[in-house]
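Visitor: My questions all concern the structure below.
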Amino acid sequence: MEISGKLFEIYESKQVTEKFKKREFVVEYVTNPEYPQYIKFQLTQNNCDYLDGFSKGDMINVQFDLTGRPWTNQSGETTYFTSLNAWRIQKSDGGGNGRRDQVAETRREETSGSSDSDNDLPF
């Protein structure tokens, strides 16, 4: 999947567990100027530093995978989580002519895979 918009927010990387690190960012996506949408994506593991070459306000294209998984808490209640795992980020000029100033690309298996040790986490 792919989306284009303005890089609205960049968060610091977070070491969630000893083996899992993520970094989130928000894209302002506008199809109707009266109601812009703010969509949060994540990069994981070694890919977290791919946002270092970008700044808030940059027009970007994001290619991502949509993933979801259940998580059962200690009380036995099951909750479902949805993640937008970015695997390619490109600067664009916003004009749709395909200019690519800077590219950050990750391997899909790193962003969409999870290990068994992560199953106790709610994401």
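Every chain in the structure tokens has a letter given in the order shown (A, B, ...), and although residue numbers restart at 1 in each chain, ligands are simply numbered from 1 in the order shown.
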Mind checking which residues fall within 7 Å of Phe81 in chain A, counting only C-alpha atoms, ignoring those fewer than 2 positions away in the same chain, and posting them as a PyMOL selection string?
Guide: chain A and resi 68-70+79+83+123
Visitor: Using only C-alpha atoms, which residues sit within 9 Å of Asp58 in chain A once same-chain residues fewer than 5 positions away are excluded, as a compact mmCIF listing (two decimals) with C-alpha atoms, in the first residue's frame?
Guide:
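What landed in result.txt:
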# COMPACT_ATOMS: atom_id res chain seq x y z
CA GLY A 5 1.19 13.44 2.45
CA LYS A 6 3.03 15.84 4.72
CA LEU A 7 5.32 14.53 7.44
CA PHE A 8 3.50 15.97 10.44
CA LYS A 91 10.66 12.67 -0.22
CA SER A 92 8.51 14.14 -2.93
CA ASP A 93 7.90 17.64 -4.17
CA GLY A 94 4.17 17.27 -3.67
Visitor: Would you mind telling me which residue in A:Phe25, A:Tyr38, A:Phe20, A:Trp87 lies nearest to Phe54 in chain A when using only C-alpha atoms?
Guide: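 Closest candidate: A:Phe25.
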Visitor: Show me, as a list in words, the residues that have an atom within 8 Å of Thr67 in chain A when counting only C-alpha atoms, minus same-chain residues fewer than 4 positions from it.
Guide: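 So the residues in contact are Thr82, Ser83, Leu84, Asn85 and Ser112 of chain A.
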Visitor: Write a file of the selected residues as a compact mmCIF listing (two decimals), in the first residue's frame, keeping C-alpha atoms.
Guide:
# COMPACT_ATOMS: atom_id res chain seq x y z
CA THR A 82 -3.53 -2.91 13.77
CA SER A 83 -0.15 -1.60 12.65
CA LEU A 84 0.97 0.36 9.61
CA ASN A 85 4.52 -0.87 9.08
CA SER A 112 6.25 -7.33 9.24
Visitor: Would you mind telling me which residue in A:Glu34, A:Glu77, A:Glu12, A:Glu28 lies nearest to Ile60 in chain A when using only C-alpha atoms?
Guide: A:Glu28
Visitor: I'd like the contact shell of Ile10 in chain A - 8 Å cut-off, only C-alpha atoms, skipping same-chain residues fewer than 4 positions apart - returned as a list in words.
Guide: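 In the requested form, the answer reads Glu24, Phe25, Val26, Leu51, Ser55 and Lys56 of chain A.
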Visitor: Write down as a PyMOL selection string the residues belonging to range 14-100 of chain A that are assigned helix (DSSP H, G or I) by DSSP computed on the backbone.
Guide: chain A and resi 45-53
Visitor: Could you check how far CA of Ser75 in chain A sits from CA of Lys19 in chain A, in Å to one decimal?
Guide: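 Separation of CA of Ser75 in chain A and CA of Lys19 in chain A: 25.1 Å.
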